[in-house]
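Structure data (mmCIF, C-alpha atoms and all ligand atoms) from model_26.cif:
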```
data_protein
#
loop_
_atom_site.label_atom_id
_atom_site.label_comp_id
_atom_site.auth_asym_id
_atom_site.auth_seq_id
_atom_site.Cartn_x
_atom_site.Cartn_y
_atom_site.Cartn_z
CA MET M 206 -75.80 5.89 -22.72
CA SER M 207 -75.24 2.21 -23.54
CA GLU M 208 -71.95 3.31 -25.16
CA ASN M 209 -70.65 4.23 -21.71
CA LYS M 210 -71.45 0.80 -20.33
CA LYS M 211 -69.07 -0.97 -22.67
CA GLU M 212 -65.68 -1.85 -21.25
CA ILE M 213 -63.01 0.68 -22.17
CA VAL M 214 -60.22 -0.56 -24.43
CA LEU M 215 -57.16 1.53 -25.19
CA SER M 216 -53.99 0.91 -27.14
CA GLY M 217 -51.47 2.73 -29.29
CA ILE M 218 -48.57 2.26 -31.66
CA ARG M 219 -45.52 4.52 -31.78
CA ALA M 220 -45.04 6.80 -34.78
CA THR M 221 -41.62 5.45 -35.67
CA GLY M 222 -42.25 4.25 -39.24
CA ASN M 223 -44.39 1.85 -41.21
CA LEU M 224 -46.18 -0.97 -39.46
CA HIS M 225 -44.91 -4.53 -39.76
CA LEU M 226 -46.42 -7.96 -39.21
CA GLY M 227 -45.47 -7.80 -35.50
CA ASN M 228 -47.55 -4.66 -35.05
CA TYR M 229 -50.32 -6.21 -37.10
CA PHE M 230 -50.65 -9.54 -35.30
CA GLY M 231 -49.61 -8.23 -31.87
CA ALA M 232 -51.91 -5.22 -31.94
CA LEU M 233 -53.70 -3.87 -35.00
CA ARG M 234 -55.56 -7.03 -35.99
CA LYS M 235 -56.98 -7.21 -32.48
CA PHE M 236 -58.00 -3.53 -32.54
CA VAL M 237 -60.04 -4.15 -35.69
CA ALA M 238 -61.66 -7.32 -34.36
CA ILE M 239 -63.04 -5.81 -31.15
CA GLN M 240 -64.41 -2.51 -32.41
CA ASP M 241 -68.06 -3.54 -32.24
CA ASP M 242 -68.04 -4.87 -28.72
CA TYR M 243 -65.99 -2.39 -26.70
CA ASP M 244 -65.59 1.32 -26.13
CA CYS M 245 -62.44 1.42 -28.25
CA ASN M 246 -59.75 4.09 -28.14
CA PHE M 247 -56.74 3.79 -30.41
CA PHE M 248 -54.03 6.37 -30.79
CA VAL M 249 -50.75 7.13 -32.51
CA ALA M 250 -48.05 7.51 -29.86
CA ASP M 251 -46.00 10.48 -31.08
CA TYR M 252 -44.62 11.51 -27.66
CA HIS M 253 -43.33 7.97 -27.19
CA ALA M 254 -41.70 8.08 -30.63
CA LEU M 255 -39.59 11.01 -29.44
CA THR M 256 -37.88 8.82 -26.83
CA THR M 257 -35.86 7.14 -29.58
CA ASN M 258 -36.44 9.11 -32.79
CA PRO M 259 -36.25 12.81 -32.05
CA ASP M 260 -36.20 13.76 -35.75
CA PRO M 261 -38.75 16.51 -36.41
CA SER M 262 -38.60 16.04 -40.18
CA GLN M 263 -39.91 12.47 -39.83
CA LEU M 264 -42.41 12.66 -37.02
CA HIS M 265 -45.34 14.31 -38.76
CA HIS M 266 -45.13 11.95 -41.71
CA ASN M 267 -44.86 8.94 -39.41
CA VAL M 268 -47.96 9.97 -37.47
CA LYS M 269 -49.86 10.26 -40.72
CA SER M 270 -48.64 6.94 -42.07
CA VAL M 271 -49.52 5.00 -38.90
CA LEU M 272 -52.94 6.59 -38.97
CA ALA M 273 -53.42 5.66 -42.64
CA GLU M 274 -52.35 2.10 -41.84
CA TYR M 275 -54.85 1.94 -38.96
CA LEU M 276 -57.64 2.98 -41.28
CA ALA M 277 -56.49 0.80 -44.18
CA ALA M 278 -56.44 -2.24 -41.89
CA GLY M 279 -60.06 -1.59 -40.95
CA LEU M 280 -60.20 0.73 -37.95
CA ASP M 281 -63.46 2.61 -38.28
CA PRO M 282 -63.70 6.15 -36.88
CA GLU M 283 -67.46 5.68 -36.51
CA LYS M 284 -66.84 2.84 -34.08
CA SER M 285 -63.54 3.71 -32.42
CA THR M 286 -62.04 6.90 -31.08
CA ILE M 287 -58.88 7.39 -33.13
CA PHE M 288 -56.48 10.12 -32.07
CA VAL M 289 -52.92 11.35 -31.78
CA GLN M 290 -51.35 11.23 -28.31
CA SER M 291 -50.11 14.84 -28.37
CA ASP M 292 -53.59 16.09 -29.27
CA VAL M 293 -54.52 15.26 -25.69
CA PRO M 294 -52.35 17.67 -23.69
CA GLU M 295 -53.92 16.44 -20.45
CA VAL M 296 -51.66 13.40 -20.89
CA ALA M 297 -48.56 15.57 -20.50
CA GLU M 298 -49.75 17.11 -17.24
CA MET M 299 -50.80 13.81 -15.77
CA TYR M 300 -47.44 12.32 -16.77
CA LEU M 301 -45.80 14.96 -14.59
CA LEU M 302 -48.15 14.22 -11.69
CA LEU M 303 -47.89 10.43 -11.88
CA ASN M 304 -44.09 10.61 -12.03
CA MET M 305 -44.19 11.81 -8.40
CA HIS M 306 -45.24 8.27 -7.49
CA VAL M 307 -42.83 6.32 -9.65
CA GLY M 308 -39.44 5.04 -8.52
CA ILE M 309 -36.33 5.56 -10.64
CA GLY M 310 -35.19 2.05 -9.69
CA GLU M 311 -38.29 0.30 -10.96
CA LEU M 312 -38.02 2.20 -14.24
CA MET M 313 -34.35 1.33 -14.62
CA ARG M 314 -35.08 -2.35 -14.14
CA THR M 315 -37.59 -2.45 -17.01
CA ALA M 316 -36.41 -4.82 -19.78
CA ALA M 317 -37.28 -2.43 -22.63
CA PHE M 318 -35.38 0.41 -20.94
CA LYS M 319 -32.31 -1.75 -20.40
CA ASP M 320 -32.38 -2.87 -23.98
CA LYS M 321 -32.74 0.63 -25.42
CA ALA M 322 -30.29 2.20 -22.97
CA ARG M 323 -27.75 -0.47 -23.81
CA LYS M 324 -28.14 0.36 -27.50
CA ALA M 325 -27.85 4.11 -26.84
CA LEU M 326 -24.64 3.60 -24.86
CA GLY M 327 -23.20 0.98 -27.19
CA LEU M 328 -23.01 -1.63 -24.40
CA SER M 329 -23.07 -5.39 -24.83
CA GLN M 330 -25.82 -7.64 -23.48
CA ALA M 331 -23.52 -8.88 -20.71
CA ASP M 332 -23.18 -5.38 -19.25
CA ASP M 333 -26.82 -5.04 -18.34
CA ASP M 334 -27.09 -8.40 -16.62
CA ASN M 335 -25.09 -6.75 -13.90
CA ASP M 336 -27.35 -4.05 -12.43
CA GLU M 337 -24.58 -2.23 -10.64
CA ALA M 338 -22.34 -1.97 -13.71
CA PHE M 339 -25.32 -0.92 -15.79
CA GLU M 340 -26.27 1.88 -13.38
CA LYS M 341 -22.70 3.12 -13.25
CA GLN M 342 -22.57 3.24 -17.03
CA ILE M 343 -25.75 5.27 -17.20
CA ILE M 344 -24.75 7.73 -14.51
CA GLY M 345 -21.27 8.07 -15.94
CA ALA M 346 -22.30 8.30 -19.60
CA ASP M 347 -20.80 11.26 -21.40
CA THR M 348 -23.18 13.78 -22.94
CA ASN M 349 -22.83 12.42 -26.46
CA LYS M 350 -24.07 9.04 -25.38
CA ARG M 351 -26.71 10.01 -22.86
CA VAL M 352 -29.82 7.98 -22.09
CA ASN M 353 -32.64 10.49 -22.11
CA ALA M 354 -35.02 10.81 -19.18
CA GLY M 355 -37.96 10.35 -21.55
CA LEU M 356 -36.76 6.83 -22.27
CA LEU M 357 -36.54 6.12 -18.55
CA THR M 358 -40.04 7.43 -17.87
CA TYR M 359 -41.56 5.75 -20.94
CA PRO M 360 -43.63 3.41 -18.71
CA THR M 361 -45.07 6.37 -16.76
CA LEU M 362 -46.28 7.95 -19.98
CA MET M 363 -47.72 4.65 -21.18
CA ALA M 364 -49.49 4.17 -17.85
CA VAL M 365 -50.95 7.67 -18.17
CA ASP M 366 -52.25 6.93 -21.69
CA ILE M 367 -54.16 4.02 -20.19
CA LEU M 368 -55.18 5.39 -16.79
CA ILE M 369 -56.31 8.80 -18.03
CA GLN M 370 -58.95 7.01 -20.13
CA LYS M 371 -59.66 4.57 -17.26
CA ALA M 372 -59.20 1.70 -19.70
CA THR M 373 -59.54 -1.84 -18.37
CA LYS M 374 -58.40 -3.76 -21.45
CA VAL M 375 -55.19 -3.14 -23.37
CA PRO M 376 -54.51 -5.19 -26.51
CA VAL M 377 -50.72 -5.40 -26.98
CA GLY M 378 -48.03 -7.86 -28.03
CA LYS M 379 -45.99 -9.88 -25.58
CA ASP M 380 -43.14 -7.33 -25.41
CA GLN M 381 -45.47 -4.80 -23.73
CA LEU M 382 -46.65 -6.98 -20.86
CA GLN M 383 -44.05 -5.68 -18.44
CA HIS M 384 -45.15 -2.11 -19.10
CA LEU M 385 -48.72 -3.16 -18.45
CA GLU M 386 -47.69 -4.78 -15.20
CA LEU M 387 -46.10 -1.48 -14.17
CA THR M 388 -49.31 0.34 -15.10
CA ARG M 389 -51.25 -1.91 -12.74
CA ARG M 390 -48.71 -1.31 -10.03
CA PHE M 391 -48.88 2.47 -10.47
CA ALA M 392 -52.70 2.38 -10.41
CA ARG M 393 -52.75 0.34 -7.19
CA ARG M 394 -50.13 2.55 -5.61
CA PHE M 395 -51.95 5.79 -6.44
CA ASN M 396 -55.29 4.44 -5.22
CA ALA M 397 -53.72 3.17 -1.97
CA PHE M 398 -51.60 6.27 -1.29
CA TYR M 399 -54.55 8.65 -1.47
CA GLY M 400 -57.16 6.16 -0.22
CA VAL M 401 -59.20 6.49 -3.40
CA ASP M 402 -60.53 4.13 -6.01
CA ILE M 403 -60.02 6.17 -9.12
CA PHE M 404 -58.00 3.86 -11.36
CA PRO M 405 -59.07 0.39 -12.46
CA GLU M 406 -56.23 -2.09 -12.98
CA PRO M 407 -55.97 -2.75 -16.71
CA THR M 408 -55.21 -6.16 -18.15
CA ASP M 409 -53.84 -7.40 -21.41
CA PHE M 410 -56.45 -8.27 -23.98
CA ASP M 411 -56.06 -11.31 -26.15
CA PHE M 412 -59.44 -12.40 -27.31
CA GLY M 413 -58.05 -15.48 -29.05
CA GLY M 414 -55.24 -17.06 -27.06
CA ALA M 415 -52.00 -16.08 -25.42
CA PRO M 416 -50.11 -12.84 -26.18
CA ILE M 417 -47.85 -13.31 -29.14
CA LYS M 418 -44.36 -12.48 -30.24
CA VAL M 419 -44.03 -12.37 -34.00
CA PRO M 420 -40.50 -13.46 -34.99
CA GLY M 421 -38.36 -11.74 -37.61
CA LEU M 422 -36.96 -13.23 -40.81
CA ASN M 423 -33.36 -13.27 -39.64
CA GLY M 424 -33.52 -16.47 -37.62
CA SER M 425 -33.73 -15.14 -34.07
CA GLY M 426 -35.61 -12.65 -31.96
CA LYS M 427 -38.79 -10.68 -32.52
CA MET M 428 -39.74 -8.73 -35.59
CA GLY M 429 -38.86 -5.11 -34.86
CA LYS M 430 -38.24 -1.90 -36.77
CA SER M 431 -34.76 -1.50 -35.34
CA GLU M 432 -33.81 -5.12 -36.06
CA GLY M 433 -34.03 -4.82 -39.87
CA ASN M 434 -35.95 -8.11 -40.03
CA CYS M 435 -39.44 -6.87 -40.84
CA VAL M 436 -42.17 -7.57 -43.34
CA TYR M 437 -44.09 -4.30 -43.65
CA LEU M 438 -47.77 -4.02 -44.47
CA ILE M 439 -46.79 -1.56 -47.19
CA ASP M 440 -44.15 -3.78 -48.85
CA GLU M 441 -44.75 -4.25 -52.57
CA PRO M 442 -45.44 -7.90 -53.55
CA LYS M 443 -42.15 -8.39 -55.36
CA ALA M 444 -40.03 -6.94 -52.56
CA LEU M 445 -42.01 -8.80 -49.93
CA THR M 446 -41.61 -12.14 -51.70
CA LYS M 447 -37.87 -11.50 -52.09
CA LYS M 448 -37.53 -10.79 -48.36
CA VAL M 449 -39.39 -13.93 -47.37
CA MET M 450 -37.42 -16.08 -49.83
CA ARG M 451 -34.23 -14.80 -48.20
CA ALA M 452 -35.33 -15.68 -44.66
CA VAL M 453 -32.69 -17.56 -42.67
CA THR M 454 -33.09 -21.37 -42.61
CA ASP M 455 -30.84 -24.31 -41.76
CA GLU M 456 -29.46 -27.32 -43.65
CA GLY M 457 -32.77 -29.20 -43.26
CA PRO M 458 -33.92 -31.97 -40.87
CA GLN M 459 -31.29 -34.69 -40.66
CA SER M 460 -33.52 -37.41 -39.20
CA PRO M 461 -37.29 -38.02 -38.90
CA ASN M 462 -39.00 -35.88 -36.22
CA ALA M 463 -35.81 -33.91 -35.57
CA PRO M 464 -36.20 -30.93 -33.21
CA MET M 465 -36.53 -27.61 -35.05
CA SER M 466 -33.83 -24.97 -35.01
CA GLU M 467 -34.94 -21.43 -34.08
CA PRO M 468 -35.01 -20.07 -37.66
CA ILE M 469 -37.28 -22.91 -38.79
CA ALA M 470 -39.51 -22.71 -35.73
CA ASN M 471 -39.85 -18.98 -36.51
CA LEU M 472 -40.94 -19.69 -40.06
CA PHE M 473 -43.57 -22.09 -38.73
CA THR M 474 -44.78 -19.43 -36.28
CA LEU M 475 -45.26 -17.05 -39.21
CA LEU M 476 -46.96 -19.79 -41.21
CA GLU M 477 -49.35 -20.44 -38.34
CA LEU M 478 -50.29 -16.77 -38.23
CA CYS M 479 -50.72 -16.28 -41.96
CA SER M 480 -51.71 -19.61 -43.52
CA THR M 481 -54.58 -22.05 -43.14
CA PRO M 482 -54.25 -25.05 -40.76
CA ASP M 483 -54.05 -27.55 -43.63
CA VAL M 484 -51.05 -25.70 -45.10
CA VAL M 485 -49.31 -25.69 -41.72
CA GLU M 486 -50.03 -29.37 -41.30
CA HIS M 487 -48.70 -30.16 -44.76
CA PHE M 488 -45.32 -28.53 -44.02
CA ARG M 489 -45.17 -29.96 -40.50
CA SER M 490 -45.47 -33.51 -41.78
CA ALA M 491 -43.01 -32.75 -44.58
CA TYR M 492 -40.57 -31.55 -41.91
CA ALA M 493 -41.22 -34.63 -39.78
CA ASP M 494 -40.48 -37.06 -42.64
CA CYS M 495 -37.55 -34.96 -43.95
CA SER M 496 -39.17 -34.29 -47.34
CA ILE M 497 -39.58 -30.56 -46.69
CA ARG M 498 -38.22 -28.03 -49.16
CA TYR M 499 -37.78 -24.71 -47.42
CA GLY M 500 -38.12 -22.87 -50.73
CA ASP M 501 -41.67 -24.24 -51.10
CA LEU M 502 -42.53 -23.26 -47.55
CA LYS M 503 -41.27 -19.71 -48.04
CA LYS M 504 -43.08 -19.34 -51.37
CA GLN M 505 -46.33 -20.41 -49.73
CA LEU M 506 -45.67 -18.13 -46.76
CA ALA M 507 -45.07 -15.12 -49.03
CA GLU M 508 -48.31 -15.82 -50.92
CA ASP M 509 -50.29 -16.10 -47.72
CA ILE M 510 -48.78 -12.94 -46.22
CA LEU M 511 -49.70 -11.09 -49.41
CA LYS M 512 -53.31 -12.24 -49.08
CA ILE M 513 -53.36 -10.32 -45.81
CA THR M 514 -51.28 -7.29 -46.78
CA ASN M 515 -52.45 -6.68 -50.38
CA PRO M 516 -55.86 -5.21 -49.54
CA ILE M 517 -54.34 -3.09 -46.76
CA ARG M 518 -51.51 -1.77 -48.92
CA GLU M 519 -53.89 -0.88 -51.73
CA ARG M 520 -55.92 1.37 -49.41
CA ILE M 521 -53.01 3.11 -47.67
CA ASN M 522 -52.07 5.50 -50.48
CA ASP M 523 -55.66 6.59 -51.12
CA ILE M 524 -56.08 7.43 -47.45
CA LEU M 525 -52.76 9.28 -47.28
CA ALA M 526 -53.83 11.45 -50.22
CA ASP M 527 -56.99 12.59 -48.45
CA GLU M 528 -55.69 15.20 -46.00
CA ALA M 529 -59.15 16.55 -45.23
CA TYR M 530 -60.45 13.10 -44.24
CA ILE M 531 -57.47 12.52 -41.94
CA ALA M 532 -57.82 15.96 -40.34
CA LYS M 533 -61.53 15.39 -39.69
CA ILE M 534 -60.98 12.00 -38.05
CA LEU M 535 -58.24 13.38 -35.82
CA LYS M 536 -60.24 16.44 -34.80
CA ASN M 537 -63.21 14.30 -33.75
CA GLY M 538 -60.96 11.74 -32.10
CA ALA M 539 -59.09 14.36 -30.10
CA GLU M 540 -62.33 15.94 -28.90
CA ARG M 541 -63.64 12.62 -27.69
CA ALA M 542 -60.37 11.51 -26.08
CA ARG M 543 -59.94 14.87 -24.35
CA GLN M 544 -63.30 14.73 -22.63
CA ARG M 545 -62.50 11.71 -20.51
CA ALA M 546 -58.87 12.78 -20.11
CA ALA M 547 -59.89 16.19 -18.77
CA ASP M 548 -62.31 14.61 -16.28
CA THR M 549 -59.65 12.22 -14.99
CA LEU M 550 -57.01 14.94 -14.79
CA ASN M 551 -59.36 17.15 -12.77
CA GLU M 552 -59.94 14.30 -10.34
CA VAL M 553 -56.20 13.65 -10.05
CA ARG M 554 -55.36 17.32 -9.49
CA HIS M 555 -57.98 17.52 -6.78
CA ILE M 556 -56.83 14.29 -5.10
CA MET M 557 -53.20 15.47 -5.11
CA GLY M 558 -54.13 18.79 -3.53
CA ILE M 559 -53.93 21.08 -6.54
CA ARG M 560 -56.99 23.27 -6.06
CA LYS M 561 -58.17 26.52 -7.58
CA PHE M 562 -58.12 29.68 -5.43
P1 LIG W 1 -44.78 -0.16 -30.43
O1 LIG W 1 -44.95 0.86 -31.48
O2 LIG W 1 -43.40 -0.58 -30.10
O3 LIG W 1 -45.58 -1.47 -30.78
C1 LIG W 1 -46.95 -1.39 -31.10
C2 LIG W 1 -47.63 -2.70 -30.82
O4 LIG W 1 -47.09 -3.73 -31.66
C3 LIG W 1 -46.72 -4.83 -30.83
N1 LIG W 1 -45.56 -5.49 -31.41
C4 LIG W 1 -45.44 -6.82 -31.54
N2 LIG W 1 -46.28 -7.82 -31.19
C5 LIG W 1 -45.88 -9.09 -31.46
N3 LIG W 1 -44.70 -9.38 -32.06
C6 LIG W 1 -43.83 -8.41 -32.44
N4 LIG W 1 -42.69 -8.71 -33.05
C7 LIG W 1 -44.19 -7.05 -32.15
N5 LIG W 1 -43.58 -5.86 -32.36
C8 LIG W 1 -44.43 -4.91 -31.90
C9 LIG W 1 -46.41 -4.23 -29.48
O5 LIG W 1 -46.51 -5.20 -28.44
C10 LIG W 1 -47.46 -3.17 -29.36
O6 LIG W 1 -48.69 -3.70 -28.92
N6 LIG W 1 -45.41 1.16 -25.78
C11 LIG W 1 -46.27 0.80 -26.91
C12 LIG W 1 -47.05 2.00 -27.42
C13 LIG W 1 -47.94 2.57 -26.38
C14 LIG W 1 -49.08 1.95 -25.80
C15 LIG W 1 -49.61 2.88 -24.85
C16 LIG W 1 -49.69 0.71 -25.98
C17 LIG W 1 -47.82 3.80 -25.82
N7 LIG W 1 -48.81 3.98 -24.90
C18 LIG W 1 -50.73 2.60 -24.11
C19 LIG W 1 -50.83 0.43 -25.20
C20 LIG W 1 -51.33 1.36 -24.29
C21 LIG W 1 -45.36 0.18 -27.97
O7 LIG W 1 -44.50 -0.54 -27.69
O8 LIG W 1 -45.55 0.47 -29.19
#
```
Please lay out the structure from this file as C-alpha cells.
Amino acid sequence: MSENKKEIVLSGIRATGNLHLGNYFGALRKFVAIQDDYDCNFFVADYHALTTNPDPSQLHHNVKSVLAEYLAAGLDPEKSTIFVQSDVPEVAEMYLLLNMHVGIGELMRTAAFKDKARKALGLSQADDDNDEAFEKQIIGADTNKRVNAGLLTYPTLMAVDILIQKATKVPVGKDQLQHLELTRRFARRFNAFYGVDIFPEPTDFDFGGAPIKVPGLNGSGKMGKSEGNCVYLIDEPKALTKKVMRAVTDEGPQSPNAPMSEPIANLFTLLELCSTPDVVEHFRSAYADCSIRYGDLKKQLAEDILKITNPIRERINDILADEAYIAKILKNGAERARQRAADTLNEVRHIMGIRKF
C-alpha cells in the first residue's frame, strides 16, 4: 500500500548501443540514486531506437546490453520496475490515440527532430534555421532520403511512456527537456479537451542541481553516440585512457586568468563530474596562473573516470552471460509495468469514446 503512495518516477534510454558518460551522468546515475525513495520505473526504449536504427540484427543485442548496463550500474530489480518498452503493448495503442491530439507543426519544430531530419536529408545547419525551406525539403525529399514518420512522432511516443504510467518525475539530461515540455503540453491539452483530470504534468528530476549536458572529447558539443566523441562505460582502461589523452585542447592560457576556450571548459566540466573538488581546484588554479599541463589534467581525468567505470564494466559481462536472470527480471518488470499501463489505457479508451458493445 505504502508503495503506491510514493511519487512515480519514469525514465528510459534508447537501445542504440553501449551507454556513455552522457547517459550515465544525465540519467543512469540519477536512476540508481533515487531507487529507495520513489516508485521507480526504468525501461529500455527499443521502439524509439527504431526511429534512427532500424537494423533488426542489432536491436536485440542492444536491448540486452543497455539492460546489463542498468544492472551493472546498480539498478535493483527488487526496488525498481525494469522493463523493455515493447513488452508493454499498451504503449503502442495509446501512441495511436494520443497522436490524434498532437499537431504536425509542433512536432516539426522540435529541436531533436530538426537535427535528426537534417542529418537524414544531408542538409546543413543553415537550412533548418529557415522553417519554410526546411519544411519544403522534408515534403519534397525523395524516397531514398525520407524522414520517417516515427522520427516526427518521437515526442508523442515519449509522452505516452510517461503518461501511461502517470509519472510525475522524469530524470533526464538537458537535451530531453524540450520533449518533456511537450509531454506537459499534451497532458494539459488532453485533460482540457475532454474535461478530465487523468494526466499529471511531469517535471524533470534533478535531485542535485540543474540538468546537465555532458560534453564530448572533441572540443565542442555534447557527448553523443552519433558524434563519435564518447567515453563508454564498457571501454577497457587502456582504450579509455588513450581516448581521454587524445581529447582536443588548445595552445594553453596565454595570460593569467585568461578566459577558457570551449575544449578546455569541456574538460573542466568532465573533471567536475568525475573528480574530487580538490583536484578540480588544483587544475583551476594551475590554469589561472598559466602553469597547467593539459597532459596532467587528462591523465588525472582518465584515472578518475576509470574509478567510476571500472566496477560497472567488470559486472557487465557477468550479467550478459546470465540469460535466465535477464529473462526473469524482464518478465517481472513487464508484468508490473503493464498493470498500470492497462489501467490508464482503459481510462483513455473510455474517455475518447471507444466502448465495448
Ligand atoms: P537517449 O537514449 O538519447 O538518452 C538517454 C538519456 O541520456 C541522457 N543523455 C545525456 N545527458 C547529458 N549529457 C549528454 N551528453 C547526454 N547524452 C544523453 C538523455 O538526456 C537521456 O536522459 N528520448 C529519450 C528516451 C526516452 C525517454 C522516454 C526518457 C524514451 N521515452 C520517457 C524519459 C521518459 C532519449 O533521448 O534517450
Report, as JSON, the centre and edge lengths in Å (one decimal) of the axis-aligned box enclosing every listed atom of ligand LIG 1 (chain W), padded by 5 Å on each side.
```
{"center_x": -47.0, "center_y": -2.7, "center_z": -28.6, "size_x": 18.6, "size_y": 23.4, "size_z": 18.9}
```
**Request:** Skip M:Val214 itself and residues of its chain fewer than 5 positions away, then list as a PyMOL selection string all residues within 8 Å of it, counting only C-alpha atoms.
**Result:** chain M and resi 243-246+372-376
Enumerate as a PDB file with C-alpha atoms, in the coordinates of the input the residues within 8 Å of ligand LIG 1 (chain W), counting only C-alpha atoms and all ligand atoms.
```pdb
ATOM      1  CA  LEU M 215     -57.160   1.530 -25.190  1.00  0.00           C
ATOM      2  CA  SER M 216     -53.990   0.910 -27.140  1.00  0.00           C
ATOM      3  CA  GLY M 217     -51.470   2.730 -29.290  1.00  0.00           C
ATOM      4  CA  ILE M 218     -48.570   2.260 -31.660  1.00  0.00           C
ATOM      5  CA  ARG M 219     -45.520   4.520 -31.780  1.00  0.00           C
ATOM      6  CA  ALA M 220     -45.040   6.800 -34.780  1.00  0.00           C
ATOM      7  CA  THR M 221     -41.620   5.450 -35.670  1.00  0.00           C
ATOM      8  CA  HIS M 225     -44.910  -4.530 -39.760  1.00  0.00           C
ATOM      9  CA  LEU M 226     -46.420  -7.960 -39.210  1.00  0.00           C
ATOM     10  CA  GLY M 227     -45.470  -7.800 -35.500  1.00  0.00           C
ATOM     11  CA  ASN M 228     -47.550  -4.660 -35.050  1.00  0.00           C
ATOM     12  CA  TYR M 229     -50.320  -6.210 -37.100  1.00  0.00           C
ATOM     13  CA  PHE M 230     -50.650  -9.540 -35.300  1.00  0.00           C
ATOM     14  CA  GLY M 231     -49.610  -8.230 -31.870  1.00  0.00           C
ATOM     15  CA  ALA M 232     -51.910  -5.220 -31.940  1.00  0.00           C
ATOM     16  CA  LEU M 233     -53.700  -3.870 -35.000  1.00  0.00           C
ATOM     17  CA  ALA M 250     -48.050   7.510 -29.860  1.00  0.00           C
ATOM     18  CA  HIS M 253     -43.330   7.970 -27.190  1.00  0.00           C
ATOM     19  CA  ALA M 254     -41.700   8.080 -30.630  1.00  0.00           C
ATOM     20  CA  TYR M 359     -41.560   5.750 -20.940  1.00  0.00           C
ATOM     21  CA  PRO M 360     -43.630   3.410 -18.710  1.00  0.00           C
ATOM     22  CA  LEU M 362     -46.280   7.950 -19.980  1.00  0.00           C
ATOM     23  CA  MET M 363     -47.720   4.650 -21.180  1.00  0.00           C
ATOM     24  CA  ALA M 364     -49.490   4.170 -17.850  1.00  0.00           C
ATOM     25  CA  VAL M 365     -50.950   7.670 -18.170  1.00  0.00           C
ATOM     26  CA  ASP M 366     -52.250   6.930 -21.690  1.00  0.00           C
ATOM     27  CA  ILE M 367     -54.160   4.020 -20.190  1.00  0.00           C
ATOM     28  CA  VAL M 375     -55.190  -3.140 -23.370  1.00  0.00           C
ATOM     29  CA  PRO M 376     -54.510  -5.190 -26.510  1.00  0.00           C
ATOM     30  CA  VAL M 377     -50.720  -5.400 -26.980  1.00  0.00           C
ATOM     31  CA  GLY M 378     -48.030  -7.860 -28.030  1.00  0.00           C
ATOM     32  CA  LYS M 379     -45.990  -9.880 -25.580  1.00  0.00           C
ATOM     33  CA  ASP M 380     -43.140  -7.330 -25.410  1.00  0.00           C
ATOM     34  CA  GLN M 381     -45.470  -4.800 -23.730  1.00  0.00           C
ATOM     35  CA  LEU M 382     -46.650  -6.980 -20.860  1.00  0.00           C
ATOM     36  CA  HIS M 384     -45.150  -2.110 -19.100  1.00  0.00           C
ATOM     37  CA  LEU M 385     -48.720  -3.160 -18.450  1.00  0.00           C
ATOM     38  CA  PRO M 416     -50.110 -12.840 -26.180  1.00  0.00           C
ATOM     39  CA  ILE M 417     -47.850 -13.310 -29.140  1.00  0.00           C
ATOM     40  CA  LYS M 418     -44.360 -12.480 -30.240  1.00  0.00           C
ATOM     41  CA  VAL M 419     -44.030 -12.370 -34.000  1.00  0.00           C
ATOM     42  CA  PRO M 420     -40.500 -13.460 -34.990  1.00  0.00           C
ATOM     43  CA  GLY M 421     -38.360 -11.740 -37.610  1.00  0.00           C
ATOM     44  CA  LYS M 427     -38.790 -10.680 -32.520  1.00  0.00           C
ATOM     45  CA  MET M 428     -39.740  -8.730 -35.590  1.00  0.00           C
ATOM     46  CA  GLY M 429     -38.860  -5.110 -34.860  1.00  0.00           C
ATOM     47  CA  LYS M 430     -38.240  -1.900 -36.770  1.00  0.00           C
TER      48      LYS M 430
END
```
**Prompt:** For M:Gly308, which residue among M:Ile213, M:Val485, M:Ile510, M:Leu387 is the nearest when counting only C-alpha atoms?
**Reply:**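 When distances to M:Gly308 are compared using only C-alpha atoms, the smallest one comes from M:Leu387.
Going from atom CA of M:Lys235 over to atom CA of M:Leu280, you cover 10.2 Å.
Residues with any atom within 9 Å of M:Val271, counting all atoms listed in the file and excluding same-chain neighbours fewer than 3 positions away, are Ile218, Arg219, Ala220, Thr221, Gly222, Asn223, Leu224, Val249, His266, Asn267, Val268, Glu274, Tyr275 and Leu276 of chain M.
Nearest residue to M:Glu528, choosing from M:Lys341, M:Lys269, M:Arg498, M:Lys211 and counting all atoms listed in the file: M:Lys269.
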**Item:** Shell around M:Val352 at 8 Å using all atoms listed in the file, local window under 6 positions removed, as a ChimeraX atom specification
**Value:** /M:322,325-326,343,346
File of the preceding selection, C-alpha atoms, as a compact mmCIF listing (two decimals), in the coordinates of the input:
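Okay, out_37.txt is ready:
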```txt
# COMPACT_ATOMS: atom_id res chain seq x y z
CA ALA M 322 -30.29 2.20 -22.97
CA ALA M 325 -27.85 4.11 -26.84
CA LEU M 326 -24.64 3.60 -24.86
CA ILE M 343 -25.75 5.27 -17.20
CA ALA M 346 -22.30 8.30 -19.60
```
**Request:** Would you work out the distance separating atom CA of M:Arg323 from atom CA of M:Glu311, expressed in Å to one decimal?
**Result:**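 Atom CA of M:Arg323 sits 16.6 Å away from atom CA of M:Glu311.
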**Request:** Considering all atoms listed in the file, return as a list in words whatever protein or nucleic-acid residues lie within 7 Å of M:Asn423, sequence-local ones (same chain, fewer than 3 positions apart) excluded.
**Result:**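 The residues satisfying every condition are Asn434, Ala452 and Val453 of chain M.
One distance worth recording is that between atom CA of M:Ala297 and atom CA of M:Lys350, which is 25.8 Å.
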